[in-house]
Amino acid sequence: MIFRERSLGFVVFLCFLAALIFPACRKAEQALPQEILLSEGWFIQSAEKIDATGEIISTAGLDLTGWYPAAIPSTVLAALIKKGEYQDPFFGRNLEKIPGERFDVSWWYRKEFDLPKIKSLSRARLFFDGINYRANVWLNGKKIAGREQIVGAFRVFRLDITEEVKPGKNVLAVEVFPPQPGDFTIGFVDWNPKPADKNTGIWRPVTVRLSGPVAIEDPFVRSEVNSESLAEASLTITSDLINSSSQAIKGTVRAELEGIVLNQEVELSPGERKPVIFTPQQFAALKLHEPRLWWPTNWGEQNLYTLKLTFFVKGGVSDEKTVSFGIRTVTDYINEEGHRGYKINGQKILIRGGGWVDDIFLADDDRTLEAKVKYTKHMNLNAIRLEGFWGTSHKLYELCDRHGILIMAGWSCQWEWDGYAGKPCDKYGGVQTPEEMELVAQSFQDQVVLWRNHPSVFVWFLASDKLPRPELERKYLQILEKYDPSRPYLAAAAWLTSEVSGPTGVKMKGPYDYVPPVYWFEDRKHGGAYGFNTETGPGPQPPPIESLKKMIPEDHLWPIDDIWEFHCARNEFGTLIRYTEALTRRYGEPKDVHDFVRKAQVANYEAMRGMFEAFVGRKHAATGVIQWMLNAAWPKLWWQLYDYYLMPTGAFYGARKACEPVHILYDCQENAIYVSNDLLTPRDNLKAEIRALDFRGWEMFKEIKNVKMQPNSSTQVMRLPALCGRGPVCFLDLKLKDATGEILSDNFYWLSARKDVMDYPATKWFVTPIKEFADFRALESLPRVTLKVSHEVERVGDEGKVRVNLENPSEAVAFFIEVRLIRKRSGESVLPVYWDDNFITLLPGESKTITAGFLLEDLAGDEPAVAVSGWNVEGGN
């Protein structure tokens with residue numbers, strides 16, 4: 001059972017009261033292991049401001065005047081910002097004004113908590129899931145661990161505090177020391193600035209566990225599914241038992257699952273830690289028939305099971321532990337071209353994902369996390385890559401379990417390059433000495449054990465840009481063999497060959513800066529649509545004007561200057577020069593910031609749709625692509641499908657369109673139409689309606705093709721004749737319909753008579769230059785269009801739904817229409833918001849209805865309204 005610390009005493013009191021009335025409750029009270037989450041009620045202060053020792057700080061009665069309140073998890077700087085110490089850190093260049101020297105010293109975290117007096121709970125243990133970077137730990141006036149022992153941002157620390165705690169009030173004090181150059185710490189590489197405190201602090205949960213003499217730790221359920229029939233699965237349950245007493249103990253471990261009850265007798269020596277295993281060979285009940293499988297999004301339900309483990313000793317329950325898990329099998333394979341791919345429950349899956357990053361201050365709340373994961377699913381993506389074992393708790397992983405989002409988890413390149421690691425690195429990075437390898441290997445083990453029950457995690461990364469040192473890789477493999485043999489691993493995210501495990505079979509060849517759609521279809525040497533590209537993308541994604549105004553002062557909004565560049569990425573990516581050149585050459589020079597944003601959203605949509613469609617259209621020669629990046633650690637202009645404020649960019653809807661489960665697309669290299677079926681069921685009796693239109697929207701070409709789609713496949717429908725013969729720009733309108741005429745997928749392209757031409761011989765590690773640019777400048781001459789717009793809002797419980805009907809009554813093309821849900825009085829966007837389509841185009845006389853879901857609380861007491869704009873569009877009545 002898990003309680004918040006502040007409510008525990010009341011719970012114990014209720015049980016005591018009930019025991020007076022109902023004697024049976026006395027037995028339950030004696031057998032109630034507890035997990036107390038120490039989250040609220042902490043205080044922090046700089047060691048520079050404190051004269052007292054740890055002995056005094058961890059004693060009741062300390063004067064906390066001048067200390068800052070905090071809730072754990074929290075870095076030092078996150079707590080100070082929450083308290084208001086630093087105002088609006090993301091505006092302009094405010095972030096760099098926060099003095100780093102303030103955080104060069106240690107900081108104290110102090111917490112008072114109460115423990116109940118329960119005789120049967122004879123052992124107490126203190127858990128730290130993440131401290132960055134070193135710490136001295138004091139409890140009730142006694143130092144229980146020192147900075148030589150508590151070291152490593154990704155270590156999990158478990159301290160027996162039985163002799164130090166007492167019933168009633170206890171005082172915990174943790175002196176946290178910041179990471180130093182060369183430490184294996186949390187990092188953001190070149191994605192954004194470093195926070196001034198270097199993320200120093202207690203950044204993951206702290207808990208106290210009370211149990212009897214034998215405790216249960218680290219339960220794990222491994223599943224193996226019959227991938228042929230999907231009708232059978234075998235489960236293996238493992239856990240560790242720890243006898244913290246000075247006596248030998250005999251007892252019974254009970255496993256309860258879906259009405260199945262299994263018992264196993266165990267004997268432990270004094271102080272012994274012993275693994276216990278329930279195998280399907282021992283217990284036939286662990287061979288399940290017709291199991292409820294866990295599937296990624298679009299493929300089935302995200303079924304989860306709960307396992308309860310209990311250890312009984314004479315006199316009652318010593319400990320109990322529950323864990324959630326999913327039943328599924330993950331395997332990898334090598335395709336005919338030698339590239340690695342993955343299978344879930346025996347089915348090849350095209351990985352379509354984005355690179356995840358936590359908040360710059362590690363301060364994501366649960367509500368924001370849920371919106372980010374729901375956005376991922378809403379874009380029809382099925383995966384995220386965690387370069388750095390992100391997540392300040394299990395919440396991110398639980399959300400991915402629930403929404404069917406696969407997770408690639410592993411180490412960052414932060415430790416592989418001199419400038420980020422803060423030390424000289426060689427071809428294997430910065431983990432070099434035996435002591436360093438032992439620390440990092442133990443950190444890896446702790447992370448694997450933390451996250452291994454989550455079915456969403458499908459592969460472990462042992463490194464990123466470089467291979468781990470062979471000795472270190474062998475340590476990693478020993479850890480996986482012992483603690484998680486259920487998943488594949490990758491020695492690195494790049495195309496490298498390990499002397500231990502052979503070729504990685506995946507690539508990391510860029511690009512990271514702007515390239516047009518044709519690149520992804522043409523390229524067969526670098527980042528194009530073949531194999532598995534573990535991080536790539538078309539570069540910057542500047543957000544809409546509403547977000548720009550939150551990060552850039554009014555007098556710096558135009559032209560682009562150093563404030564803009566401060567909100568770019570770093571190093572080669574610290575400027576928008578390459579992006580703005582392509583934007584100007586292809587769409588025309590922006591007149592002002594509003595014109596820049598208008599053109600940027602069109603370019604972002606076009607570029608992101610093109611990347612994902614190239615991989616979708618070429619599955620399974622293409623086995624996966626991770627857009628770099630999915631989200632933003634802070635308000636920025638680079639690498640984001642939605643921004644820090646949860647504002648979707650044009651790239652968001654380009655990705656959503658490209659990754660539709662059933663989709664029709666244009667291959668600009670082959671000048672051909674493809675259909676893609678991401679579902680595991682066939683689709684028959686479909687019709688592909690293909691129309692080419694000139695600049696005025698007049699039809700130049702039309703073809704209707706019968707289509708039959710196999711499960712999990714992409715198929716060419718037809719090659720097109722030469723297009724854009726009547727002018728510099730033409731349009732391609734695609735629709736895929738079922739037998740009833742219902743539209744399953746629609747897709748609209750603007751094409752240039754002049755094509756983008758790439759300069760492949762001049763390719764750098766981060767971009768391939770463009771030698772000749774497509775020309776869409778004629779779009780500026782589209783006639784203005786006033787749309788007919790109507791909408792209605794439905795409220796159900798705490799959720800809202802808006803339905804917007806758009807009609808183009810004119811004789812011109814209404815190009816790239818954006819619909820926003822806003823608060824009526826303030827005009828601010830309601831976020832997060834989940835439009836089923838956006839940035840759409842309506843041909844003359846055409847109409848379309850789009851819908852969006854949102855939470856009513858995000859109206860902030862205002863009324864909902866709709867704002868419509870576009871390239872050449874105004875909203876109307």
# chains A, B, ... in the order shown; residues from 1 in each chain; ligands from 1

call {"tool": "select_by_dssp", "arguments": {"residues": "range 611-738 of chain A", "states": "strand (DSSP E or B)", "output": "PyMOL selection string"}}
result
chain A and resi 622-627+638+642+648+662-667+672-677+683-693+699-709+713-719+729-737

call {"tool": "residues_around", "arguments": {"residues": "range 42-52 of chain A", "least_positions_apart": "3", "cutoff": "6 Å", "atoms": "only C-alpha atoms", "output": "ChimeraX atom specification"}}
result
/A:56,67-71,106-111

call {"tool": "residues_around", "arguments": {"residues": "Val253 in chain A", "least_positions_apart": "4", "cutoff": "8 Å", "atoms": "only C-alpha atoms", "output": "JSON, numbers by chain"}}
result
{"A": [263, 264, 265, 266, 309, 310, 311, 312]}

call {"tool": "closest_residue", "arguments": {"among": "A:Pro73, A:Gly800, A:Gly870, A:Pro590", "to": "Gly650 in chain A", "atoms": "only C-alpha atoms"}}
result
A:Gly870

call {"tool": "closest_residue", "arguments": {"among": "A:Arg719, A:Arg696, A:Arg598, A:Lys764", "to": "Leu843 in chain A", "atoms": "only C-alpha atoms"}}
result
A:Arg696

call {"tool": "residues_around", "arguments": {"residues": "Asp562 in chain A", "least_positions_apart": "4", "cutoff": "12 Å", "atoms": "only C-alpha atoms", "output": "number ranges by chain"}}
result
A: 92-93, 552-553, 556-558, 566-568, 574-576

call {"tool": "write_last_selection", "arguments": {"atoms": "all heavy atoms", "output": "mmCIF file, in the first residue's frame"}}
result
data_model
loop_
_atom_site.group_PDB
_atom_site.id
_atom_site.type_symbol
_atom_site.label_atom_id
_atom_site.label_comp_id
_atom_site.auth_asym_id
_atom_site.auth_seq_id
_atom_site.Cartn_x
_atom_site.Cartn_y
_atom_site.Cartn_z
ATOM 1 N N GLY A 92 13.164 36.493 -23.560
ATOM 2 C CA GLY A 92 14.397 37.115 -24.022
ATOM 3 C C GLY A 92 15.611 36.269 -23.682
ATOM 4 O O GLY A 92 15.672 35.080 -23.976
ATOM 5 N N ARG A 93 16.597 36.902 -23.022
ATOM 6 C CA ARG A 93 17.811 36.207 -22.598
ATOM 7 C C ARG A 93 17.874 36.096 -21.079
ATOM 8 O O ARG A 93 18.965 35.990 -20.489
ATOM 9 C CB ARG A 93 19.045 36.929 -23.142
ATOM 10 C CG ARG A 93 19.075 37.076 -24.664
ATOM 11 C CD ARG A 93 20.354 37.716 -25.151
ATOM 12 N NE ARG A 93 21.475 36.800 -25.031
ATOM 13 C CZ ARG A 93 22.273 36.430 -26.045
ATOM 14 N NH1 ARG A 93 22.042 36.883 -27.264
ATOM 15 N NH2 ARG A 93 23.275 35.619 -25.841
ATOM 16 N N ILE A 552 10.093 36.191 -27.027
ATOM 17 C CA ILE A 552 10.888 37.243 -27.677
ATOM 18 C C ILE A 552 10.237 38.600 -27.419
ATOM 19 O O ILE A 552 9.051 38.784 -27.714
ATOM 20 C CB ILE A 552 11.004 36.972 -29.189
ATOM 21 C CG1 ILE A 552 11.722 35.645 -29.430
ATOM 22 C CG2 ILE A 552 11.751 38.107 -29.876
ATOM 23 C CD1 ILE A 552 11.817 35.232 -30.878
ATOM 24 N N PRO A 553 10.988 39.557 -26.858
ATOM 25 C CA PRO A 553 10.414 40.893 -26.593
ATOM 26 C C PRO A 553 9.894 41.542 -27.867
ATOM 27 O O PRO A 553 10.380 41.272 -28.977
ATOM 28 C CB PRO A 553 11.608 41.668 -26.024
ATOM 29 C CG PRO A 553 12.537 40.618 -25.487
ATOM 30 C CD PRO A 553 12.374 39.435 -26.386
ATOM 31 N N HIS A 556 12.142 42.990 -30.433
ATOM 32 C CA HIS A 556 13.069 42.058 -31.082
ATOM 33 C C HIS A 556 12.338 41.056 -31.980
ATOM 34 O O HIS A 556 12.968 40.129 -32.499
ATOM 35 C CB HIS A 556 13.876 41.293 -30.030
ATOM 36 C CG HIS A 556 14.919 42.120 -29.341
ATOM 37 N ND1 HIS A 556 16.199 42.268 -29.831
ATOM 38 C CD2 HIS A 556 14.853 42.859 -28.212
ATOM 39 C CE1 HIS A 556 16.888 43.054 -29.015
ATOM 40 N NE2 HIS A 556 16.100 43.429 -28.028
ATOM 41 N N LEU A 557 11.025 41.238 -32.149
ATOM 42 C CA LEU A 557 10.267 40.273 -32.944
ATOM 43 C C LEU A 557 10.670 40.287 -34.416
ATOM 44 O O LEU A 557 10.515 39.282 -35.108
ATOM 45 C CB LEU A 557 8.765 40.553 -32.809
ATOM 46 C CG LEU A 557 8.080 39.945 -31.572
ATOM 47 C CD1 LEU A 557 6.651 40.431 -31.474
ATOM 48 C CD2 LEU A 557 8.135 38.411 -31.605
ATOM 49 N N TRP A 558 11.152 41.408 -34.895
ATOM 50 C CA TRP A 558 11.592 41.480 -36.296
ATOM 51 C C TRP A 558 12.543 42.653 -36.466
ATOM 52 O O TRP A 558 12.305 43.701 -35.885
ATOM 53 C CB TRP A 558 10.394 41.616 -37.232
ATOM 54 C CG TRP A 558 10.742 41.300 -38.659
ATOM 55 C CD1 TRP A 558 10.938 42.187 -39.683
ATOM 56 C CD2 TRP A 558 10.955 40.004 -39.215
ATOM 57 N NE1 TRP A 558 11.250 41.523 -40.835
ATOM 58 C CE2 TRP A 558 11.268 40.169 -40.582
ATOM 59 C CE3 TRP A 558 10.904 38.709 -38.702
ATOM 60 C CZ2 TRP A 558 11.535 39.105 -41.429
ATOM 61 C CZ3 TRP A 558 11.165 37.652 -39.533
ATOM 62 C CH2 TRP A 558 11.479 37.844 -40.892
ATOM 63 N N PHE A 566 19.393 33.024 -29.539
ATOM 64 C CA PHE A 566 19.477 32.470 -28.190
ATOM 65 C C PHE A 566 18.455 31.361 -27.992
ATOM 66 O O PHE A 566 18.679 30.416 -27.238
ATOM 67 C CB PHE A 566 19.270 33.578 -27.157
ATOM 68 C CG PHE A 566 19.442 33.127 -25.729
ATOM 69 C CD1 PHE A 566 20.686 32.753 -25.247
ATOM 70 C CD2 PHE A 566 18.353 33.070 -24.875
ATOM 71 C CE1 PHE A 566 20.846 32.336 -23.926
ATOM 72 C CE2 PHE A 566 18.495 32.647 -23.556
ATOM 73 C CZ PHE A 566 19.756 32.287 -23.083
ATOM 74 N N HIS A 567 17.329 31.463 -28.711
ATOM 75 C CA HIS A 567 16.279 30.452 -28.600
ATOM 76 C C HIS A 567 16.375 29.391 -29.704
ATOM 77 O O HIS A 567 15.434 28.611 -29.891
ATOM 78 C CB HIS A 567 14.907 31.117 -28.600
ATOM 79 C CG HIS A 567 14.593 31.818 -27.313
ATOM 80 N ND1 HIS A 567 13.924 31.217 -26.281
ATOM 81 C CD2 HIS A 567 14.911 33.069 -26.872
ATOM 82 C CE1 HIS A 567 13.808 32.056 -25.275
ATOM 83 N NE2 HIS A 567 14.404 33.196 -25.606
ATOM 84 N N CYS A 568 17.481 29.398 -30.418
ATOM 85 C CA CYS A 568 17.783 28.282 -31.321
ATOM 86 C C CYS A 568 18.444 27.169 -30.527
ATOM 87 O O CYS A 568 18.508 27.209 -29.294
ATOM 88 C CB CYS A 568 18.695 28.754 -32.451
ATOM 89 S SG CYS A 568 17.885 29.836 -33.658
ATOM 90 N N GLY A 574 22.785 26.984 -34.010
ATOM 91 C CA GLY A 574 22.534 28.201 -33.256
ATOM 92 C C GLY A 574 22.048 29.360 -34.098
ATOM 93 O O GLY A 574 22.049 30.501 -33.642
ATOM 94 N N THR A 575 21.609 29.083 -35.319
ATOM 95 C CA THR A 575 21.145 30.126 -36.223
ATOM 96 C C THR A 575 20.051 29.563 -37.127
ATOM 97 O O THR A 575 19.926 28.344 -37.274
ATOM 98 C CB THR A 575 22.310 30.655 -37.084
ATOM 99 O OG1 THR A 575 21.807 31.592 -38.039
ATOM 100 C CG2 THR A 575 22.989 29.522 -37.835
ATOM 101 N N LEU A 576 19.286 30.444 -37.754
ATOM 102 C CA LEU A 576 18.245 30.050 -38.708
ATOM 103 C C LEU A 576 18.657 30.342 -40.146
ATOM 104 O O LEU A 576 17.826 30.317 -41.049
ATOM 105 C CB LEU A 576 16.939 30.796 -38.400
ATOM 106 C CG LEU A 576 16.229 30.449 -37.088
ATOM 107 C CD1 LEU A 576 15.085 31.422 -36.836
ATOM 108 C CD2 LEU A 576 15.702 29.020 -37.113
#

call {"tool": "closest_residue", "arguments": {"among": "A:Asn604, A:Thr279, A:Thr200, A:Asn872", "to": "Ser239 in chain A", "atoms": "only C-alpha atoms"}}
result
A:Thr279

call {"tool": "residues_around", "arguments": {"residues": "range 211-213 of chain A", "least_positions_apart": "3", "cutoff": "7 Å", "atoms": "only C-alpha atoms", "output": "PDB file with N, CA, C and O atoms, in the first residue's frame"}}
result
ATOM      1  N   PRO A  33       2.383  -3.735   5.359  1.00  0.00           N
ATOM      2  CA  PRO A  33       3.581  -3.045   4.884  1.00  0.00           C
ATOM      3  C   PRO A  33       3.180  -1.737   4.211  1.00  0.00           C
ATOM      4  O   PRO A  33       2.112  -1.637   3.605  1.00  0.00           O
ATOM      5  N   GLN A  34       4.030  -0.752   4.342  1.00  0.00           N
ATOM      6  CA  GLN A  34       3.655   0.572   3.857  1.00  0.00           C
ATOM      7  C   GLN A  34       4.787   1.200   3.067  1.00  0.00           C
ATOM      8  O   GLN A  34       5.961   1.000   3.372  1.00  0.00           O
ATOM      9  N   SER A 120       4.799  -4.964  14.072  1.00  0.00           N
ATOM     10  CA  SER A 120       5.094  -5.987  13.064  1.00  0.00           C
ATOM     11  C   SER A 120       5.938  -5.433  11.921  1.00  0.00           C
ATOM     12  O   SER A 120       6.550  -6.190  11.182  1.00  0.00           O
ATOM     13  N   LEU A 121       5.957  -4.105  11.771  1.00  0.00           N
ATOM     14  CA  LEU A 121       6.773  -3.501  10.718  1.00  0.00           C
ATOM     15  C   LEU A 121       8.139  -3.169  11.323  1.00  0.00           C
ATOM     16  O   LEU A 121       8.402  -2.052  11.767  1.00  0.00           O
ATOM     17  N   SER A 122       8.991  -4.173  11.344  1.00  0.00           N
ATOM     18  CA  SER A 122      10.236  -4.078  12.108  1.00  0.00           C
ATOM     19  C   SER A 122      11.389  -3.484  11.327  1.00  0.00           C
ATOM     20  O   SER A 122      12.432  -3.191  11.902  1.00  0.00           O
ATOM     21  N   ARG A 123      11.244  -3.348  10.007  1.00  0.00           N
ATOM     22  CA  ARG A 123      12.337  -2.831   9.188  1.00  0.00           C
ATOM     23  C   ARG A 123      11.881  -1.599   8.416  1.00  0.00           C
ATOM     24  O   ARG A 123      10.745  -1.525   7.935  1.00  0.00           O
ATOM     25  N   ALA A 124      12.804  -0.662   8.271  1.00  0.00           N
ATOM     26  CA  ALA A 124      12.527   0.559   7.509  1.00  0.00           C
ATOM     27  C   ALA A 124      13.676   0.793   6.543  1.00  0.00           C
ATOM     28  O   ALA A 124      14.853   0.687   6.921  1.00  0.00           O
ATOM     29  N   ASN A 243      16.401 -10.577   3.619  1.00  0.00           N
ATOM     30  CA  ASN A 243      16.256 -10.824   5.059  1.00  0.00           C
ATOM     31  C   ASN A 243      17.184  -9.870   5.792  1.00  0.00           C
ATOM     32  O   ASN A 243      18.402 -10.069   5.826  1.00  0.00           O
ATOM     33  N   SER A 244      16.636  -8.824   6.372  1.00  0.00           N
ATOM     34  CA  SER A 244      17.449  -7.819   7.047  1.00  0.00           C
ATOM     35  C   SER A 244      17.693  -8.145   8.513  1.00  0.00           C
ATOM     36  O   SER A 244      18.354  -7.367   9.210  1.00  0.00           O
ATOM     37  N   SER A 245      17.165  -9.268   8.949  1.00  0.00           N
ATOM     38  CA  SER A 245      17.310  -9.618  10.359  1.00  0.00           C
ATOM     39  C   SER A 245      18.586 -10.425  10.599  1.00  0.00           C
ATOM     40  O   SER A 245      19.284 -10.809   9.658  1.00  0.00           O
ATOM     41  N   SER A 318       5.015 -10.162   6.069  1.00  0.00           N
ATOM     42  CA  SER A 318       6.244  -9.394   6.241  1.00  0.00           C
ATOM     43  C   SER A 318       6.332  -8.265   5.221  1.00  0.00           C
ATOM     44  O   SER A 318       6.769  -7.162   5.536  1.00  0.00           O
ATOM     45  N   ASP A 319       5.928  -8.541   3.973  1.00  0.00           N
ATOM     46  CA  ASP A 319       5.964  -7.503   2.946  1.00  0.00           C
ATOM     47  C   ASP A 319       5.052  -7.892   1.804  1.00  0.00           C
ATOM     48  O   ASP A 319       4.727  -9.091   1.614  1.00  0.00           O
TER      49      ASP A 319
END

call {"tool": "residues_around", "arguments": {"residues": "Thr715 in chain A", "least_positions_apart": "3", "cutoff": "10 Å", "atoms": "only C-alpha atoms", "output": "JSON, numbers by chain"}}
result
{"A": [617, 618, 619, 664, 673, 674, 675, 676, 677, 707, 708, 709, 710, 718]}

call {"tool": "write_last_selection", "arguments": {"atoms": "all heavy atoms", "output": "mmCIF file, in the first residue's frame"}}
result
data_model
loop_
_atom_site.group_PDB
_atom_site.id
_atom_site.type_symbol
_atom_site.label_atom_id
_atom_site.label_comp_id
_atom_site.auth_asym_id
_atom_site.auth_seq_id
_atom_site.Cartn_x
_atom_site.Cartn_y
_atom_site.Cartn_z
ATOM 1 N N GLY A 617 5.875 5.166 -47.098
ATOM 2 C CA GLY A 617 5.681 4.612 -48.436
ATOM 3 C C GLY A 617 6.664 3.502 -48.765
ATOM 4 O O GLY A 617 6.430 2.736 -49.702
ATOM 5 N N ARG A 618 7.766 3.401 -47.969
ATOM 6 C CA ARG A 618 8.801 2.412 -48.294
ATOM 7 C C ARG A 618 8.995 1.385 -47.195
ATOM 8 O O ARG A 618 10.076 0.808 -47.062
ATOM 9 C CB ARG A 618 10.096 3.147 -48.625
ATOM 10 C CG ARG A 618 9.865 4.029 -49.852
ATOM 11 C CD ARG A 618 11.065 4.717 -50.376
ATOM 12 N NE ARG A 618 10.690 5.463 -51.584
ATOM 13 C CZ ARG A 618 11.533 6.159 -52.312
ATOM 14 N NH1 ARG A 618 12.805 6.219 -51.985
ATOM 15 N NH2 ARG A 618 11.113 6.797 -53.379
ATOM 16 N N LYS A 619 7.957 1.206 -46.366
ATOM 17 C CA LYS A 619 8.057 0.122 -45.397
ATOM 18 C C LYS A 619 8.109 -1.194 -46.161
ATOM 19 O O LYS A 619 7.474 -1.317 -47.211
ATOM 20 C CB LYS A 619 6.887 0.163 -44.417
ATOM 21 C CG LYS A 619 5.509 -0.150 -45.061
ATOM 22 C CD LYS A 619 4.466 -0.573 -44.111
ATOM 23 C CE LYS A 619 4.028 0.498 -43.156
ATOM 24 N NZ LYS A 619 2.814 0.134 -42.405
ATOM 25 N N ILE A 664 -3.085 7.812 -48.130
ATOM 26 C CA ILE A 664 -2.732 7.947 -49.538
ATOM 27 C C ILE A 664 -1.694 9.058 -49.654
ATOM 28 O O ILE A 664 -1.821 10.106 -49.008
ATOM 29 C CB ILE A 664 -3.978 8.240 -50.406
ATOM 30 C CG1 ILE A 664 -3.603 8.243 -51.891
ATOM 31 C CG2 ILE A 664 -4.672 9.521 -49.990
ATOM 32 C CD1 ILE A 664 -4.827 8.208 -52.814
ATOM 33 N N ILE A 673 1.725 7.618 -56.934
ATOM 34 C CA ILE A 673 0.804 7.590 -55.807
ATOM 35 C C ILE A 673 0.930 6.245 -55.105
ATOM 36 O O ILE A 673 0.942 5.177 -55.753
ATOM 37 C CB ILE A 673 -0.653 7.803 -56.264
ATOM 38 C CG1 ILE A 673 -0.778 9.102 -57.063
ATOM 39 C CG2 ILE A 673 -1.592 7.807 -55.060
ATOM 40 C CD1 ILE A 673 -0.353 10.345 -56.324
ATOM 41 N N TYR A 674 1.015 6.288 -53.792
ATOM 42 C CA TYR A 674 1.064 5.086 -52.962
ATOM 43 C C TYR A 674 -0.076 5.126 -51.950
ATOM 44 O O TYR A 674 -0.571 6.194 -51.580
ATOM 45 C CB TYR A 674 2.387 5.015 -52.194
ATOM 46 C CG TYR A 674 3.557 4.480 -52.987
ATOM 47 C CD1 TYR A 674 4.187 5.273 -53.940
ATOM 48 C CD2 TYR A 674 4.021 3.180 -52.789
ATOM 49 C CE1 TYR A 674 5.262 4.796 -54.667
ATOM 50 C CE2 TYR A 674 5.096 2.701 -53.509
ATOM 51 C CZ TYR A 674 5.717 3.500 -54.445
ATOM 52 O OH TYR A 674 6.779 3.010 -55.162
ATOM 53 N N VAL A 675 -0.478 3.944 -51.513
ATOM 54 C CA VAL A 675 -1.376 3.832 -50.362
ATOM 55 C C VAL A 675 -0.677 2.986 -49.312
ATOM 56 O O VAL A 675 0.076 2.064 -49.632
ATOM 57 C CB VAL A 675 -2.737 3.203 -50.734
ATOM 58 C CG1 VAL A 675 -3.559 4.155 -51.577
ATOM 59 C CG2 VAL A 675 -2.559 1.864 -51.435
ATOM 60 N N SER A 676 -0.919 3.333 -48.063
ATOM 61 C CA SER A 676 -0.273 2.626 -46.953
ATOM 62 C C SER A 676 -1.324 2.191 -45.949
ATOM 63 O O SER A 676 -2.226 2.957 -45.607
ATOM 64 C CB SER A 676 0.752 3.536 -46.275
ATOM 65 O OG SER A 676 1.298 2.913 -45.128
ATOM 66 N N ASN A 677 -1.191 0.972 -45.505
ATOM 67 C CA ASN A 677 -2.082 0.409 -44.485
ATOM 68 C C ASN A 677 -1.235 0.028 -43.277
ATOM 69 O O ASN A 677 -0.464 -0.927 -43.331
ATOM 70 C CB ASN A 677 -2.808 -0.821 -45.038
ATOM 71 C CG ASN A 677 -3.767 -1.423 -44.021
ATOM 72 O OD1 ASN A 677 -4.071 -0.815 -42.993
ATOM 73 N ND2 ASN A 677 -4.251 -2.633 -44.304
ATOM 74 N N VAL A 707 -8.451 -0.092 -55.353
ATOM 75 C CA VAL A 707 -7.307 -0.363 -54.473
ATOM 76 C C VAL A 707 -7.652 -1.499 -53.518
ATOM 77 O O VAL A 707 -8.741 -1.531 -52.938
ATOM 78 C CB VAL A 707 -6.925 0.897 -53.662
ATOM 79 C CG1 VAL A 707 -5.840 0.573 -52.647
ATOM 80 C CG2 VAL A 707 -6.479 2.011 -54.592
ATOM 81 N N LYS A 708 -6.697 -2.393 -53.351
ATOM 82 C CA LYS A 708 -6.776 -3.449 -52.344
ATOM 83 C C LYS A 708 -5.500 -3.383 -51.512
ATOM 84 O O LYS A 708 -4.397 -3.384 -52.057
ATOM 85 C CB LYS A 708 -6.914 -4.818 -53.014
ATOM 86 C CG LYS A 708 -7.022 -5.982 -52.043
ATOM 87 C CD LYS A 708 -7.228 -7.295 -52.791
ATOM 88 C CE LYS A 708 -7.373 -8.453 -51.815
ATOM 89 N NZ LYS A 708 -7.574 -9.751 -52.528
ATOM 90 N N MET A 709 -5.658 -3.307 -50.212
ATOM 91 C CA MET A 709 -4.507 -3.108 -49.340
ATOM 92 C C MET A 709 -4.299 -4.312 -48.431
ATOM 93 O O MET A 709 -5.212 -4.725 -47.707
ATOM 94 C CB MET A 709 -4.694 -1.844 -48.491
ATOM 95 C CG MET A 709 -4.943 -0.587 -49.317
ATOM 96 S SD MET A 709 -5.414 0.834 -48.308
ATOM 97 C CE MET A 709 -3.874 1.182 -47.488
ATOM 98 N N GLN A 710 -3.095 -4.859 -48.480
ATOM 99 C CA GLN A 710 -2.737 -5.936 -47.574
ATOM 100 C C GLN A 710 -2.443 -5.358 -46.179
ATOM 101 O O GLN A 710 -2.145 -4.183 -46.035
ATOM 102 C CB GLN A 710 -1.511 -6.686 -48.095
ATOM 103 C CG GLN A 710 -1.739 -7.402 -49.414
ATOM 104 C CD GLN A 710 -2.843 -8.438 -49.315
ATOM 105 O OE1 GLN A 710 -2.911 -9.204 -48.348
ATOM 106 N NE2 GLN A 710 -3.721 -8.460 -50.316
ATOM 107 N N MET A 718 -0.264 4.083 -58.860
ATOM 108 C CA MET A 718 0.003 4.454 -60.245
ATOM 109 C C MET A 718 1.099 5.513 -60.303
ATOM 110 O O MET A 718 1.381 6.207 -59.326
ATOM 111 C CB MET A 718 -1.263 5.005 -60.914
ATOM 112 C CG MET A 718 -1.732 6.343 -60.370
ATOM 113 S SD MET A 718 -3.092 7.080 -61.312
ATOM 114 C CE MET A 718 -2.299 7.415 -62.877
#

call {"tool": "residues_around", "arguments": {"residues": "range 539-542 of chain A", "least_positions_apart": "4", "cutoff": "10 Å", "atoms": "only C-alpha atoms", "output": "MDAnalysis selection string"}}
result
chainID A and resid 510:515 547:548 568:569 573 575:576 578:580 596:597 600:601 603:605 607:608 627:629 636:643 649:652 766:767

call {"tool": "atom_distance", "arguments": {"atom1": "CA of Leu583 in chain A", "atom2": "CA of Trp750 in chain A"}}
result
14.9 Å

call {"tool": "select_by_dssp", "arguments": {"residues": "range 476-677 of chain A", "states": "alpha helix (DSSP H)", "output": "ChimeraX atom specification"}}
result
/A:476-483,517-522,545-551,562-566,577-587,593-617,650-658
